[in-house]
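Colleague: Contents are mmCIF, C-alpha atoms (C1' of nucleotides); file name query_23.cif:
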data_query
loop_
_atom_site.label_atom_id
_atom_site.label_comp_id
_atom_site.auth_asym_id
_atom_site.auth_seq_id
_atom_site.Cartn_x
_atom_site.Cartn_y
_atom_site.Cartn_z
CA MET M 12 -21.98 -3.43 -12.08
CA TYR M 13 -22.14 -7.16 -12.71
CA THR M 14 -25.41 -8.03 -14.43
CA GLY M 15 -24.22 -10.98 -16.49
CA SER M 16 -24.69 -14.68 -16.06
CA MET M 17 -22.42 -15.11 -13.05
CA SER M 18 -23.83 -16.63 -9.90
CA THR M 19 -24.20 -14.42 -6.87
CA PRO M 20 -21.17 -15.82 -4.99
CA GLU M 21 -19.19 -15.44 -8.18
CA ARG M 22 -20.21 -11.82 -8.61
CA LEU M 23 -19.39 -11.15 -4.97
CA ILE M 24 -15.91 -12.61 -5.29
CA GLU M 25 -15.14 -10.80 -8.53
CA SER M 26 -16.41 -7.52 -7.11
CA THR M 27 -14.29 -7.99 -4.01
CA ARG M 28 -11.26 -8.67 -6.18
CA GLU M 29 -11.70 -5.42 -8.05
CA LEU M 30 -12.36 -3.32 -4.97
CA LEU M 31 -9.47 -4.89 -3.07
CA TRP M 32 -7.20 -4.04 -5.98
CA GLU M 33 -8.42 -0.47 -6.16
CA ARG M 34 -8.94 0.47 -2.52
CA GLY M 35 -7.30 -2.25 -0.43
CA TYR M 36 -8.87 -4.22 2.39
CA VAL M 37 -9.30 -1.36 4.84
CA GLY M 38 -10.85 0.82 2.16
CA THR M 39 -13.34 -1.77 0.95
CA SER M 40 -16.67 -2.07 2.78
CA PRO M 41 -19.18 -4.91 2.52
CA LYS M 42 -21.73 -2.38 1.32
CA ALA M 43 -19.50 -1.30 -1.55
CA ILE M 44 -19.00 -4.93 -2.51
CA GLN M 45 -22.72 -5.62 -2.45
CA GLN M 46 -23.49 -2.61 -4.61
CA HIS M 47 -20.73 -3.50 -7.08
CA ALA M 48 -22.01 -7.07 -7.25
CA GLY M 49 -25.65 -6.08 -7.43
CA ALA M 50 -26.43 -8.22 -4.40
CA GLY M 51 -28.24 -7.48 -1.16
CA GLN M 52 -26.71 -7.71 2.29
CA GLY M 53 -28.58 -10.86 3.22
CA SER M 54 -27.29 -12.44 0.07
CA MET M 55 -23.70 -11.70 0.91
CA TYR M 56 -23.96 -12.93 4.48
CA HIS M 57 -25.72 -16.07 3.28
CA HIS M 58 -22.80 -17.08 1.05
CA PHE M 59 -19.93 -15.77 3.14
CA ALA M 60 -19.28 -15.54 6.85
CA GLY M 61 -18.26 -11.88 6.61
CA LYS M 62 -15.80 -9.47 5.12
CA PRO M 63 -12.64 -11.47 5.98
CA ASP M 64 -14.11 -14.68 4.59
CA LEU M 65 -15.08 -13.06 1.31
CA ALA M 66 -11.76 -11.27 1.10
CA LEU M 67 -9.94 -14.54 1.60
CA ALA M 68 -11.76 -16.12 -1.34
CA ALA M 69 -10.97 -13.07 -3.47
CA ILE M 70 -7.31 -12.91 -2.47
CA ARG M 71 -6.81 -16.63 -3.12
CA ARG M 72 -8.21 -16.30 -6.60
CA THR M 73 -6.14 -13.21 -7.37
CA ALA M 74 -3.00 -14.94 -6.14
CA GLU M 75 -3.73 -18.00 -8.27
CA GLU M 76 -4.32 -15.82 -11.32
CA MET M 77 -1.07 -13.97 -10.76
CA ARG M 78 0.92 -17.20 -10.60
CA ALA M 79 -0.69 -18.37 -13.84
CA THR M 80 0.07 -15.07 -15.59
CA ALA M 81 3.68 -15.14 -14.43
CA GLU M 82 4.09 -18.77 -15.41
CA ALA M 83 2.87 -17.95 -18.92
CA ALA M 84 5.86 -15.65 -19.35
CA LEU M 85 8.39 -17.64 -17.36
CA GLY M 86 7.58 -21.06 -18.77
CA GLY M 87 8.76 -20.20 -22.27
CA SER M 88 11.54 -22.04 -24.01
CA GLY M 89 14.14 -19.33 -24.60
CA SER M 90 17.28 -18.49 -22.65
CA ALA M 91 17.10 -17.61 -18.98
CA TYR M 92 17.56 -13.95 -19.86
CA ALA M 93 14.80 -14.16 -22.47
CA ARG M 94 12.35 -15.69 -20.00
CA VAL M 95 13.09 -13.15 -17.30
CA GLU M 96 12.82 -10.43 -19.92
CA ALA M 97 9.48 -11.82 -21.07
CA TYR M 98 8.25 -11.68 -17.50
CA LEU M 99 9.47 -8.13 -16.97
CA LEU M 100 8.08 -6.83 -20.24
CA ARG M 101 4.74 -8.56 -20.15
CA GLU M 102 1.74 -6.26 -20.41
CA ARG M 103 0.60 -4.81 -17.11
CA ASP M 104 -2.04 -2.48 -15.82
CA VAL M 105 0.84 -0.57 -14.30
CA LEU M 106 -1.08 2.31 -12.73
CA ARG M 107 -3.37 -0.06 -10.87
CA GLY M 108 -0.40 -1.61 -9.14
CA CYS M 109 0.06 -5.26 -8.22
CA PRO M 110 -3.16 -6.76 -6.84
CA VAL M 111 -1.14 -9.09 -4.63
CA GLY M 112 1.78 -6.87 -3.65
CA ARG M 113 -0.40 -3.97 -2.60
CA LEU M 114 -1.98 -6.12 0.09
CA THR M 115 1.33 -6.07 1.98
CA MET M 116 0.61 -2.41 2.78
CA ASP M 117 -2.77 -3.30 4.26
CA PRO M 118 -2.38 -3.51 8.05
CA ASP M 119 -5.40 -5.78 8.50
CA VAL M 120 -4.13 -8.22 5.87
CA ILE M 121 -0.66 -8.36 7.38
CA ALA M 122 -2.16 -8.83 10.84
CA SER M 123 -4.13 -11.89 9.71
CA ASP M 124 -2.19 -15.10 9.10
CA GLU M 125 -4.98 -16.41 6.90
CA LEU M 126 -5.25 -13.35 4.69
CA ARG M 127 -1.50 -12.90 4.42
CA ALA M 128 -0.76 -16.53 3.52
CA PRO M 129 -1.75 -16.36 -0.17
CA VAL M 130 0.31 -13.19 -0.56
CA THR M 131 3.40 -14.73 1.02
CA GLU M 132 3.03 -17.95 -0.94
CA THR M 133 2.65 -16.17 -4.25
CA LEU M 134 5.63 -13.85 -3.88
CA ASP M 135 7.74 -16.71 -2.51
CA TRP M 136 6.74 -18.89 -5.43
CA LEU M 137 7.59 -16.14 -7.92
CA ARG M 138 11.02 -15.54 -6.39
CA ASP M 139 11.79 -19.26 -6.31
CA ARG M 140 10.60 -19.71 -9.89
CA LEU M 141 12.87 -16.89 -11.04
CA ALA M 142 15.75 -18.23 -8.96
CA GLY M 143 15.42 -21.60 -10.68
CA ILE M 144 15.54 -20.00 -14.10
CA LEU M 145 18.53 -17.87 -13.19
CA GLU M 146 20.28 -20.92 -11.80
CA GLU M 147 19.82 -22.65 -15.13
CA GLY M 148 21.27 -19.56 -16.78
CA VAL M 149 24.33 -19.69 -14.57
CA ALA M 150 24.71 -23.47 -15.05
CA GLN M 151 24.63 -23.06 -18.81
CA GLY M 152 27.21 -20.30 -18.73
CA GLU M 153 24.73 -17.64 -19.71
CA PHE M 154 25.48 -15.56 -16.62
CA THR M 155 28.63 -15.20 -14.57
CA ASP M 156 28.56 -17.47 -11.54
CA ALA M 157 29.31 -14.47 -9.36
CA LEU M 158 25.53 -14.12 -9.37
CA VAL M 159 23.52 -15.59 -6.50
CA PRO M 160 20.32 -16.69 -8.26
CA ARG M 161 18.08 -16.32 -5.25
CA GLU M 162 19.30 -12.79 -4.59
CA ILE M 163 18.92 -11.70 -8.20
CA ALA M 164 15.44 -13.23 -8.19
CA SER M 165 14.60 -11.11 -5.15
CA THR M 166 15.91 -8.06 -6.98
CA VAL M 167 13.75 -8.84 -10.01
CA VAL M 168 10.58 -9.20 -7.95
CA ALA M 169 11.43 -6.11 -5.91
CA THR M 170 12.04 -4.03 -9.02
CA VAL M 171 8.62 -4.94 -10.36
CA GLN M 172 6.88 -4.24 -7.06
CA GLY M 173 8.78 -0.98 -6.66
CA GLY M 174 8.15 -0.09 -10.28
CA TYR M 175 4.45 0.04 -9.47
CA VAL M 176 5.19 2.45 -6.64
CA LEU M 177 7.15 4.76 -8.94
CA ALA M 178 4.47 4.63 -11.61
CA ARG M 179 1.66 5.41 -9.20
CA SER M 180 3.72 8.18 -7.62
CA SER M 181 4.32 9.90 -10.94
CA GLY M 182 0.97 8.99 -12.42
CA ALA M 183 2.62 7.48 -15.50
CA PRO M 184 3.62 3.94 -16.50
CA ALA M 185 6.94 5.28 -17.87
CA ALA M 186 8.51 5.18 -14.41
CA PHE M 187 7.85 1.45 -14.22
CA ASP M 188 9.38 0.92 -17.65
CA ALA M 189 12.51 2.87 -16.76
CA ALA M 190 13.16 0.69 -13.69
CA VAL M 191 12.68 -2.46 -15.76
CA ARG M 192 14.98 -1.23 -18.53
CA GLY M 193 17.63 -0.45 -15.95
CA LEU M 194 17.37 -3.92 -14.49
CA LEU M 195 17.56 -5.58 -17.90
CA ALA M 196 20.64 -3.52 -18.73
CA LEU M 197 22.31 -4.68 -15.51
CA LEU M 198 21.35 -8.29 -16.19
CA GLY M 199 22.60 -8.03 -19.75
CA ALA M 200 25.94 -6.78 -18.53
CA CYS M 201 26.22 -9.88 -16.37
CA ALA M 202 26.49 -12.21 -19.28
CA ALA M 203 29.39 -14.57 -18.55
CA PRO M 204 32.67 -13.13 -19.92
CA SER M 205 33.11 -16.12 -22.21
CA GLY M 206 29.41 -15.99 -23.06
CA THR M 207 28.47 -16.95 -26.58
CA THR M 208 24.80 -16.61 -25.77
CA ARG M 209 23.11 -13.77 -27.59
CA HIS M 210 20.20 -12.01 -25.97
CA MET K 22 0.80 8.43 23.85
CA TYR K 23 2.55 11.78 23.62
CA THR K 24 2.70 13.37 27.03
CA GLY K 25 5.96 15.25 26.67
CA SER K 26 6.69 18.89 26.11
CA MET K 27 5.46 19.09 22.53
CA SER K 28 2.77 21.59 21.65
CA THR K 29 -0.64 20.26 20.71
CA PRO K 30 -0.27 20.87 16.95
CA GLU K 31 3.11 19.22 17.15
CA ARG K 32 1.73 16.17 18.91
CA LEU K 33 -1.08 15.96 16.37
CA ILE K 34 1.32 16.05 13.43
CA GLU K 35 3.68 13.48 14.93
CA SER K 36 0.79 11.19 15.80
CA THR K 37 -0.58 11.49 12.29
CA ARG K 38 2.82 10.66 10.87
CA GLU K 39 3.02 7.46 12.88
CA LEU K 40 -0.52 6.35 12.14
CA LEU K 41 -0.18 7.17 8.45
CA TRP K 42 2.94 5.05 8.35
CA GLU K 43 1.28 2.15 10.12
CA ARG K 44 -2.25 2.19 8.74
CA GLY K 45 -2.23 4.50 5.73
CA TYR K 46 -4.58 7.41 5.09
CA VAL K 47 -7.77 5.42 4.62
CA GLY K 48 -7.07 3.43 7.78
CA THR K 49 -6.34 6.44 9.96
CA SER K 50 -9.27 8.20 11.64
CA PRO K 51 -9.26 11.63 13.27
CA LYS K 52 -10.35 9.95 16.47
CA ALA K 53 -7.35 7.64 16.46
CA ILE K 54 -5.07 10.62 15.87
CA GLN K 55 -6.60 12.55 18.75
CA GLN K 56 -6.25 9.63 21.13
CA HIS K 57 -2.65 9.01 20.08
CA ALA K 58 -1.88 12.70 20.54
CA GLY K 59 -3.77 13.02 23.76
CA ALA K 60 -5.85 15.84 22.32
CA GLY K 61 -9.60 16.43 22.13
CA GLN K 62 -11.60 16.77 18.95
CA GLY K 63 -12.12 20.48 19.37
CA SER K 64 -8.40 20.89 19.77
CA MET K 65 -7.66 19.12 16.53
CA TYR K 66 -10.25 21.05 14.54
CA HIS K 67 -9.01 24.29 16.03
CA HIS K 68 -5.49 23.77 14.71
CA PHE K 69 -6.28 21.99 11.46
CA ALA K 70 -9.09 22.29 8.94
CA GLY K 71 -9.71 18.55 8.96
CA LYS K 72 -8.20 15.19 8.24
CA PRO K 73 -6.74 16.06 4.81
CA ASP K 74 -5.17 19.26 6.15
CA LEU K 75 -3.51 17.47 9.05
CA ALA K 76 -2.42 14.62 6.80
CA LEU K 77 -0.83 17.10 4.42
CA ALA K 78 1.26 18.59 7.22
CA ALA K 79 2.29 15.11 8.32
CA ILE K 80 3.12 13.89 4.82
CA ARG K 81 5.18 17.00 4.05
CA ARG K 82 7.25 16.53 7.17
CA THR K 83 7.76 12.82 6.51
CA ALA K 84 8.83 13.54 2.94
CA GLU K 85 11.28 16.18 4.11
CA GLU K 86 12.74 13.81 6.68
CA MET K 87 13.15 11.08 4.08
CA ARG K 88 15.05 13.39 1.76
CA ALA K 89 17.35 14.40 4.61
CA THR K 90 17.99 10.78 5.59
CA ALA K 91 18.74 9.80 1.99
CA GLU K 92 21.00 12.80 1.51
CA ALA K 93 22.99 11.80 4.58
CA ALA K 94 23.93 8.55 2.83
CA LEU K 95 24.18 9.89 -0.71
CA GLY K 96 26.15 13.04 0.06
CA GLY K 97 29.24 11.16 1.18
CA SER K 98 32.59 11.55 -0.48
CA GLY K 99 33.33 8.03 -1.76
CA SER K 100 32.94 6.55 -5.21
CA ALA K 101 29.55 6.50 -6.92
CA TYR K 102 29.21 2.82 -6.09
CA ALA K 103 30.11 3.46 -2.45
CA ARG K 104 27.52 6.22 -2.13
CA VAL K 105 24.76 4.14 -3.71
CA GLU K 106 25.81 1.24 -1.50
CA ALA K 107 25.68 3.44 1.56
CA TYR K 108 22.15 4.45 0.63
CA LEU K 109 21.05 0.86 0.04
CA LEU K 110 22.61 -0.48 3.22
CA ARG K 111 21.59 2.29 5.55
CA GLU K 112 19.59 1.19 8.57
CA ARG K 113 15.90 0.87 7.98
CA ASP K 114 12.79 -0.08 9.87
CA VAL K 115 12.24 -2.55 7.05
CA LEU K 116 9.06 -4.22 8.31
CA ARG K 117 7.31 -0.89 8.71
CA GLY K 118 7.81 -0.16 5.04
CA CYS K 119 8.55 3.20 3.44
CA PRO K 120 6.45 5.96 5.02
CA VAL K 121 6.41 7.82 1.72
CA GLY K 122 6.21 4.97 -0.78
CA ARG K 123 3.33 3.25 0.98
CA LEU K 124 1.14 6.31 0.38
CA THR K 125 1.12 5.48 -3.33
CA MET K 126 -1.13 2.54 -2.50
CA ASP K 127 -3.59 4.79 -0.73
CA PRO K 128 -6.42 5.59 -3.14
CA ASP K 129 -7.40 8.81 -1.37
CA VAL K 130 -3.82 10.10 -1.43
CA ILE K 131 -3.40 9.31 -5.12
CA ALA K 132 -6.74 10.93 -5.87
CA SER K 133 -5.66 14.20 -4.25
CA ASP K 134 -3.15 16.36 -6.10
CA GLU K 135 -2.20 18.10 -2.87
CA LEU K 136 -1.58 14.95 -0.85
CA ARG K 137 0.22 13.19 -3.67
CA ALA K 138 2.56 16.09 -4.49
CA PRO K 139 5.04 15.56 -1.63
CA VAL K 140 5.21 11.85 -2.49
CA THR K 141 5.90 12.51 -6.16
CA GLU K 142 8.44 15.21 -5.41
CA THR K 143 10.35 13.07 -2.94
CA LEU K 144 10.61 9.97 -5.10
CA ASP K 145 11.48 12.12 -8.13
CA TRP K 146 14.15 13.91 -6.14
CA LEU K 147 15.61 10.61 -4.94
CA ARG K 148 15.75 9.17 -8.44
CA ASP K 149 17.35 12.32 -9.84
CA ARG K 150 19.86 12.46 -7.00
CA LEU K 151 20.87 8.85 -7.67
CA ALA K 152 20.98 9.48 -11.40
CA GLY K 153 23.41 12.35 -10.85
CA ILE K 154 25.69 10.18 -8.76
CA LEU K 155 25.60 7.36 -11.30
CA GLU K 156 26.34 9.83 -14.06
CA GLU K 157 29.44 10.92 -12.20
CA GLY K 158 30.38 7.27 -11.89
CA VAL K 159 30.05 6.75 -15.62
CA ALA K 160 31.93 9.97 -16.39
CA GLN K 161 34.81 8.90 -14.17
CA GLY K 162 34.99 5.50 -15.79
CA GLU K 163 33.70 3.73 -12.73
CA PHE K 164 30.79 2.18 -14.64
CA THR K 165 30.49 1.14 -18.25
CA ASP K 166 28.78 3.84 -20.30
CA ALA K 167 26.29 1.23 -21.50
CA LEU K 168 24.43 2.24 -18.35
CA VAL K 169 21.68 4.84 -18.58
CA PRO K 170 22.01 6.60 -15.22
CA ARG K 171 18.38 7.64 -14.99
CA GLU K 172 17.18 4.10 -15.64
CA ILE K 173 19.57 2.54 -13.14
CA ALA K 174 18.49 5.16 -10.63
CA SER K 175 14.87 4.09 -11.19
CA THR K 176 15.90 0.48 -10.66
CA VAL K 177 17.63 1.36 -7.40
CA VAL K 178 14.60 3.21 -6.02
CA ALA K 179 12.26 0.47 -7.24
CA THR K 180 14.35 -2.26 -5.63
CA VAL K 181 14.17 -0.49 -2.29
CA GLN K 182 10.43 0.11 -2.53
CA GLY K 183 9.84 -3.46 -3.67
CA GLY K 184 12.19 -4.76 -1.01
CA TYR K 185 9.78 -3.43 1.59
CA VAL K 186 6.97 -5.36 -0.11
CA LEU K 187 8.94 -8.61 0.01
CA ALA K 188 9.92 -8.07 3.63
CA ARG K 189 6.37 -7.34 4.75
CA SER K 190 5.08 -10.28 2.75
CA SER K 191 7.46 -12.71 4.40
CA GLY K 192 7.42 -10.99 7.77
CA ALA K 193 11.21 -10.78 7.83
CA PRO K 194 13.75 -8.09 6.87
CA ALA K 195 15.93 -10.72 5.19
CA ALA K 196 13.88 -10.51 1.99
CA PHE K 197 14.74 -6.83 1.70
CA ASP K 198 18.41 -7.54 2.24
CA ALA K 199 18.45 -10.24 -0.43
CA ALA K 200 17.03 -7.88 -3.05
CA VAL K 201 19.58 -5.23 -2.13
CA ARG K 202 22.48 -7.67 -2.24
CA GLY K 203 21.34 -8.83 -5.67
CA LEU K 204 21.24 -5.28 -6.93
CA LEU K 205 24.68 -4.49 -5.54
CA ALA K 206 26.07 -7.61 -7.20
CA LEU K 207 24.62 -6.50 -10.53
CA LEU K 208 26.00 -3.00 -10.09
CA GLY K 209 29.38 -4.36 -9.11
CA ALA K 210 29.50 -6.45 -12.26
CA CYS K 211 28.96 -3.27 -14.26
CA ALA K 212 32.28 -1.79 -13.34
CA ALA K 213 33.85 -0.49 -16.53
CA PRO K 214 36.02 -3.20 -18.16
CA SER K 215 39.12 -1.06 -17.79
CA GLY K 216 38.03 -0.06 -14.32
CA THR K 217 40.75 0.36 -11.76
CA THR K 218 38.25 1.47 -9.17
CA ARG K 219 37.96 -0.87 -6.26
CA HIS K 220 34.69 -1.16 -4.43
"C1'" DG Y 4 -31.55 -17.60 -1.43
"C1'" DT Y 5 -32.79 -13.03 -1.12
"C1'" DC Y 6 -35.01 -9.27 1.06
"C1'" DT Y 7 -35.80 -5.44 4.60
"C1'" DA Y 8 -35.23 -3.91 9.35
"C1'" DT Y 9 -32.54 -2.97 13.06
"C1'" DA Y 10 -28.44 -2.24 15.88
"C1'" DA Y 11 -24.15 -0.51 18.28
"C1'" DG Y 12 -20.45 1.77 17.23
"C1'" DA Y 13 -17.04 4.43 14.18
"C1'" DC Y 14 -16.32 8.26 10.95
"C1'" DG Y 15 -15.64 13.11 9.82
"C1'" DA Y 16 -17.18 17.23 11.05
"C1'" DT Y 17 -19.77 21.29 13.35
"C1'" DA Y 18 -21.69 24.10 17.38
"C1'" DG Y 19 -21.29 26.35 21.20
"C1'" DA Y 20 -20.02 26.45 26.19
"C1'" DC Y 21 -16.03 27.36 29.05
"C1'" DG Q 22 -7.38 26.76 23.05
"C1'" DT Q 23 -9.82 23.10 24.78
"C1'" DC Q 24 -13.96 20.81 26.06
"C1'" DT Q 25 -18.49 18.26 25.46
"C1'" DA Q 26 -22.57 17.65 22.70
"C1'" DT Q 27 -24.57 16.74 18.58
"C1'" DC Q 28 -25.03 15.57 13.66
"C1'" DG Q 29 -25.76 12.67 9.54
"C1'" DT Q 30 -23.56 9.01 7.47
"C1'" DC Q 31 -21.04 4.68 7.03
"C1'" DT Q 32 -19.56 0.17 8.96
"C1'" DT Q 33 -20.15 -4.56 9.93
"C1'" DA Q 34 -22.94 -7.18 11.00
"C1'" DT Q 35 -27.62 -9.92 13.06
"C1'" DA Q 36 -32.70 -11.08 12.84
"C1'" DG Q 37 -36.36 -12.51 10.81
"C1'" DA Q 38 -39.88 -12.16 7.02
"C1'" DC Q 39 -40.65 -13.84 2.37
#
Show how you would write the structure in this file as structure tokens.

Modeller:
Amino acid sequence: MYTGSMSTPERLIESTRELLWERGYVGTSPKAIQQHAGAGQGSMYHHFAGKPDLALAAIRRTAEEMRATAEAALGGSGSAYARVEAYLLRERDVLRGCPVGRLTMDPDVIASDELRAPVTETLDWLRDRLAGILEEGVAQGEFTDALVPREIASTVVATVQGGYVLARSSGAPAAFDAAVRGLLALLGACAAPSGTTRH
Amino acid sequence: MYTGSMSTPERLIESTRELLWERGYVGTSPKAIQQHAGAGQGSMYHHFAGKPDLALAAIRRTAEEMRATAEAALGGSGSAYARVEAYLLRERDVLRGCPVGRLTMDPDVIASDELRAPVTETLDWLRDRLAGILEEGVAQGEFTDALVPREIASTVVATVQGGYVLARSSGAPAAFDAAVRGLLALLGACAAPSGTTRH
DNA sequence: GTCTATAAGACGATAGAC
DNA sequence: GTCTATCGTCTTATAGAC
């Protein structure tokens, strides 16, 4: 599957990332990884201690990538609403689900402190990042101060994660979009009463 | 594990339900089911055609149960907001996740039209049920008619499903509660401007 | 670094005795 | 209806040659 110029460890990590995304940890075997990476067994066990070790490298990279992608949308210069909107409406491979969030449904990942850590850190970071932005929005009078930024941030992250569930259940990205539109409508209605800010 | 008065098929189905909830379809083996049910292999294959057949029976029952539980909260007699609130705040085994929603992350379930059908039907039913309630709320002036009931309903279901993800990621139910409180705050702020309805 | 060989056990199912 | 035996394959490695 990978025949390019990547090194063997690199191909193994990238293959693991894809298989973890598609089939989860329990559903991904070392053999499948090796075949996807075009590497032999000896090769894999030379570079990595085993399945958990390789998975950890893959999960860490996926988590890092997700933070970077989110930051690209959240770090803009518009209003708080605009930045949250940019995050919610950014392009997504909706039917594949969230490569980080889906790991929370993997019993072996949740059971391992090491494997779970990157997942926890990433979702915590995302919620905190959103909370900070929403707090700015409240401070600048963009939203009513009846809003608790940290709670709304949790709602935003949850809606995205749950949107993936709805999309995969129905087999169509539209279900994700509907949930996001609903959330944006609710957020829009929370503009401070005296708000002069235009979304 | 089950030594009570249940029949063998019954014990097999209940065991499958629990294991499916905990480990998903891919992570649940016939052997594990048999041991949990206290039944031999021959016994299992006598009553069910195989793993998919048994899983289908288990998933159907779980889906049915989830609809009944949701209806118990949604079918109340209060305002639309109160009924949605009752649904959101109902007791949940948060850290175990949603026994129906989690199946959407199972590649083998999604790949099978038969196994996926109960999942799709249940989440669709839930969204439609919520949409109907929200529509009543809008019609009675409880919510501003800027709300699109079907979209808000999607947001509600997504927040719950995503709330499970956040809770399992952090290892604590509090993350679920935060997302729900955020959503209720947003919904509360959407009371129609002329609204006399008290939540 | 990569390969093949080997291993002990799990997986999903079938066969046939009781 | 339930049991044990067996099957071919996959899983997650380890060993050792090249």

Colleague: Have a look at K:Leu116, K:Val159, K:Ile80, K:Ala199 and name the one nearest to Thr141 (chain K); count all atoms listed in the file.

Modeller: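 Among K:Leu116, K:Val159, K:Ile80, K:Ala199, it is K:Ile80 that comes nearest to Thr141 (chain K).
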
Colleague: Kindly determine which residues of chain K lie within 10 Å of chain Y, considering all atoms listed in the file, and give the answer as a VMD selection string.

Modeller: chain K and resid 50 to 52 62 to 63 66 70 to 72

Colleague: Where does chain K meet chain M within 7 Å, residue by residue, with the nearest atom pair and distance in Å to one decimal for each, counting all atoms listed in the file, listed by chain and rising number, as a Markdown table?

Modeller:
| residue | atom | partner | partner_atom | distance |
| --- | --- | --- | --- | --- |
| K:Arg44 | CA | M:Pro118 | CA | 5.7 |
| K:Val47 | CA | M:Gly38 | CA | 6.1 |
| K:Gly48 | CA | M:Val37 | CA | 6.0 |
| K:Gly122 | CA | M:Val176 | CA | 6.5 |
| K:Arg123 | CA | M:Met116 | CA | 6.5 |
| K:Thr125 | CA | M:Ser180 | CA | 5.7 |
| K:Met126 | CA | M:Arg113 | CA | 6.6 |
| K:Pro128 | CA | M:Arg34 | CA | 5.7 |
| K:Val140 | CA | M:Ser180 | CA | 6.5 |
| K:Thr141 | CA | M:Ser180 | CA | 5.1 |
| K:Leu168 | CA | M:Ala196 | CA | 6.9 |
| K:Glu172 | CA | M:Gly193 | CA | 4.6 |
| K:Ile173 | CA | M:Gly193 | CA | 4.5 |
| K:Ser175 | CA | M:Ala190 | CA | 4.6 |
| K:Thr176 | CA | M:Ala190 | CA | 4.1 |
| K:Ala179 | CA | M:Gly173 | CA | 3.8 |
| K:Thr180 | CA | M:Thr170 | CA | 4.5 |
| K:Val181 | CA | M:Gly173 | CA | 7.0 |
| K:Gln182 | CA | M:Gly173 | CA | 4.6 |
| K:Gly183 | CA | M:Ala169 | CA | 3.8 |
| K:Gly184 | CA | M:Ala169 | CA | 5.1 |
| K:Val186 | CA | M:Thr115 | CA | 6.1 |
| K:Leu187 | CA | M:Ala169 | CA | 6.9 |
| K:Arg189 | CA | M:Thr115 | CA | 5.9 |
| K:Ser190 | CA | M:Thr131 | CA | 5.1 |
| K:Ser191 | CA | M:Thr131 | CA | 5.7 |
| K:Ala199 | CA | M:Glu162 | CA | 5.0 |
| K:Ala200 | CA | M:Thr166 | CA | 4.1 |
| K:Val201 | CA | M:Thr166 | CA | 6.7 |
| K:Arg202 | CA | M:Glu162 | CA | 6.5 |
| K:Gly203 | CA | M:Ile163 | CA | 4.5 |
| K:Leu204 | CA | M:Thr166 | CA | 6.0 |
| K:Ala206 | CA | M:Leu158 | CA | 6.9 |
| K:Leu207 | CA | M:Leu197 | CA | 5.8 |
| K:Leu208 | CA | M:Leu197 | CA | 6.8 |
| K:Ala210 | CA | M:Cys201 | CA | 6.3 |
| K:Cys211 | CA | M:Ala200 | CA | 6.3 |

Colleague: For the residues selected in the previous step, produce a file with C-alpha atoms as a CSV table (one decimal), in the coordinates of the input.

Modeller:
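Saved the output as selection_21.csv:
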chain,number,residue,atom,x,y,z
K,44,ARG,CA,-2.2,2.2,8.7
K,47,VAL,CA,-7.8,5.4,4.6
K,48,GLY,CA,-7.1,3.4,7.8
K,122,GLY,CA,6.2,5.0,-0.8
K,123,ARG,CA,3.3,3.2,1.0
K,125,THR,CA,1.1,5.5,-3.3
K,126,MET,CA,-1.1,2.5,-2.5
K,128,PRO,CA,-6.4,5.6,-3.1
K,140,VAL,CA,5.2,11.8,-2.5
K,141,THR,CA,5.9,12.5,-6.2
K,168,LEU,CA,24.4,2.2,-18.4
K,172,GLU,CA,17.2,4.1,-15.6
K,173,ILE,CA,19.6,2.5,-13.1
K,175,SER,CA,14.9,4.1,-11.2
K,176,THR,CA,15.9,0.5,-10.7
K,179,ALA,CA,12.3,0.5,-7.2
K,180,THR,CA,14.4,-2.3,-5.6
K,181,VAL,CA,14.2,-0.5,-2.3
K,182,GLN,CA,10.4,0.1,-2.5
K,183,GLY,CA,9.8,-3.5,-3.7
K,184,GLY,CA,12.2,-4.8,-1.0
K,186,VAL,CA,7.0,-5.4,-0.1
K,187,LEU,CA,8.9,-8.6,0.0
K,189,ARG,CA,6.4,-7.3,4.8
K,190,SER,CA,5.1,-10.3,2.8
K,191,SER,CA,7.5,-12.7,4.4
K,199,ALA,CA,18.4,-10.2,-0.4
K,200,ALA,CA,17.0,-7.9,-3.0
K,201,VAL,CA,19.6,-5.2,-2.1
K,202,ARG,CA,22.5,-7.7,-2.2
K,203,GLY,CA,21.3,-8.8,-5.7
K,204,LEU,CA,21.2,-5.3,-6.9
K,206,ALA,CA,26.1,-7.6,-7.2
K,207,LEU,CA,24.6,-6.5,-10.5
K,208,LEU,CA,26.0,-3.0,-10.1
K,210,ALA,CA,29.5,-6.4,-12.3
K,211,CYS,CA,29.0,-3.3,-14.3

Colleague: Given the choices K:Met22, K:Ile54, K:Ala91, K:Ala195, which gets closest to Leu75 (chain K) if the distance is worked out from all atoms listed in the file?

Modeller: K:Ile54

Colleague: Select all residues from chain Q having any atom no more than 10 Å from an atom of chain M (counting only C-alpha atoms (C1' of nucleotides), ignoring ligands), output as a list in words.

Modeller: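 That gives DC31, DT32, DT33, DA34 and DT35 of chain Q for chain Q.
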
Colleague: Could you check how far CA of Ala89 (chain K) sits from CA of Pro120 (chain K), in Å to one decimal?

Modeller: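 We find that CA of Ala89 (chain K) and CA of Pro120 (chain K) lie 13.8 Å from each other.
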
Colleague: Quick check, in Å to one decimal: how far apart do CA of Glu85 (chain K) and CA of Ala60 (chain K) lie?

Modeller: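 A separation of 25.0 Å between them.
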